[in-house]
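Q: Would you mind keeping the following structure in view while I ask a few things?
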Amino acid sequence: MNIKEKVLELLKYCSSYQGHSYMVDERRTNGGFQVTLPEEEEIIESLDKLRFVLLTGEAGDGKSYLLKRLDERLKEYGFHVFRDFSELLEQNEGNDEISEQTGLGKKEIMQTIADIVEGKSEERIIIAANVGIFTKTALMYQEGLLEAFNQSNDRIKIVNFEKRNLAGNKIVFKRIVEAFFAYDGEMCINGNCPYCQCCLYLPIW
């Protein structure tokens, strides 16, 4: 199979899964397979200004992967990281591990986010959340928050993984192609990948 055929196969593979996360993350257990995506670059470039970052999407869309990639930078800038918003109690009752560590439940977090948006707080928060759960919580405790998110504000950033299309970005797609070309051929151990038993790359590289 020549280079052109390989790239065409890769494009077909990429477009076959709407979220595109498995294409990038399926070999995430291999430390050598790392692709820097636009969301990561944009957040890093704005970390000095950002006070609130929301990563939304469905399970498997890549929220946790991005948090893992950003881990050291987030610590450096003093972000409170909430890797699973749904795990939090509605209010801080002080009797669960997450609340004990942060002092925050969903209600308190919503108030802090509202203060950040209005410029009343310099706290730094990043949340990974199912969009439905976050929206429901915002409507419950801070009804005007969702409307405020539509206003230009360099203190906040919202990344919706459901709307991303990695195949549509030529630069990112080139990075992914190059990463797969460099792949060492070891068997993928991610059994959750829908292509685990029929990966396009094992037989052609």
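Please note that chains go A, B, ... in the order of the structure tokens, that every chain numbers its residues from 1, and that ligands are numbered from 1 in the order shown.
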What's the 12 Å shell around Tyr77 of chain A, counting only C-alpha atoms, without same-chain residues fewer than 3 positions away, as an MDAnalysis selection string?

A: chainID A and resid 43:44 46:52 70:74 80:81 122:126

Q: Which residues, written as a compact mmCIF listing (two decimals) with N, CA, C and O atoms, in the first residue's frame, have at least one atom at most 10 Å from Phe134 of chain A, with only C-alpha atoms counted and residues fewer than 2 positions away on the same chain left out?

A:
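To be explicit, this is the file written out as part20.txt:
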# COMPACT_ATOMS: atom_id res chain seq x y z
N LEU A 54 -14.48 25.07 30.98
CA LEU A 54 -15.47 24.00 30.99
C LEU A 54 -15.24 23.09 29.79
O LEU A 54 -15.23 23.54 28.65
N THR A 56 -16.93 20.06 27.92
CA THR A 56 -18.19 19.33 27.86
C THR A 56 -18.17 18.30 26.73
O THR A 56 -17.38 18.40 25.80
N PHE A 85 -17.72 16.18 37.12
CA PHE A 85 -18.66 17.08 37.79
C PHE A 85 -19.84 16.32 38.38
O PHE A 85 -20.37 16.69 39.43
N SER A 86 -20.25 15.24 37.74
CA SER A 86 -21.42 14.48 38.19
C SER A 86 -21.18 13.82 39.55
O SER A 86 -22.13 13.49 40.26
N LYS A 106 -21.71 21.30 44.08
CA LYS A 106 -22.16 21.90 42.82
C LYS A 106 -22.68 23.33 43.02
O LYS A 106 -22.41 24.22 42.22
N MET A 110 -21.04 26.67 41.29
CA MET A 110 -21.80 27.57 40.41
C MET A 110 -21.70 29.01 40.88
O MET A 110 -21.59 29.94 40.08
N ILE A 127 -13.46 22.25 34.79
CA ILE A 127 -14.45 21.21 35.03
C ILE A 127 -14.63 20.37 33.77
O ILE A 127 -14.75 20.90 32.67
N ALA A 128 -14.66 19.05 33.94
CA ALA A 128 -15.08 18.14 32.88
C ALA A 128 -16.48 17.67 33.23
O ALA A 128 -16.70 17.14 34.33
N ALA A 129 -17.42 17.90 32.32
CA ALA A 129 -18.81 17.60 32.66
C ALA A 129 -19.62 17.21 31.44
O ALA A 129 -19.41 17.74 30.35
N ASN A 130 -20.55 16.28 31.65
CA ASN A 130 -21.58 16.02 30.66
C ASN A 130 -22.38 17.30 30.50
O ASN A 130 -22.79 17.92 31.49
N VAL A 131 -22.60 17.73 29.26
CA VAL A 131 -23.23 19.02 29.02
C VAL A 131 -24.63 19.10 29.63
O VAL A 131 -25.03 20.15 30.15
N GLY A 132 -25.35 17.99 29.62
CA GLY A 132 -26.70 18.00 30.19
C GLY A 132 -26.70 18.21 31.69
O GLY A 132 -27.49 18.99 32.22
N LYS A 136 -28.20 21.54 33.58
CA LYS A 136 -29.25 21.38 34.58
C LYS A 136 -28.84 22.04 35.89
O LYS A 136 -29.65 22.73 36.54
N THR A 137 -27.58 21.85 36.29
CA THR A 137 -27.09 22.42 37.54
C THR A 137 -27.03 23.94 37.46
O THR A 137 -27.40 24.64 38.42
N ALA A 138 -26.58 24.45 36.33
CA ALA A 138 -26.52 25.91 36.15
C ALA A 138 -27.91 26.52 36.24
O ALA A 138 -28.11 27.56 36.89
N LEU A 139 -28.89 25.91 35.61
CA LEU A 139 -30.26 26.42 35.63
C LEU A 139 -30.85 26.37 37.05
O LEU A 139 -31.66 27.21 37.43
N MET A 140 -30.40 25.40 37.82
CA MET A 140 -30.90 25.24 39.18
C MET A 140 -30.36 26.32 40.12
O MET A 140 -31.09 26.88 40.95
N LEU A 146 -25.69 30.65 31.94
CA LEU A 146 -25.59 30.17 30.56
C LEU A 146 -25.63 31.32 29.56
O LEU A 146 -24.91 31.31 28.55

Q: Can you tell me how far atom CA of Thr36 of chain A sits from atom CA of Ile156 of chain A, in Å to one decimal?

A: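 These two atoms are separated by 21.2 Å.
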
Q: Enumerate, as a PyMOL selection string, the complete set of residues in segment 48-165 of chain A that a backbone-based DSSP assignment places in alpha helix (DSSP H).

A: chain A and resi 63-76+97-102+106-117+131-141+145-149
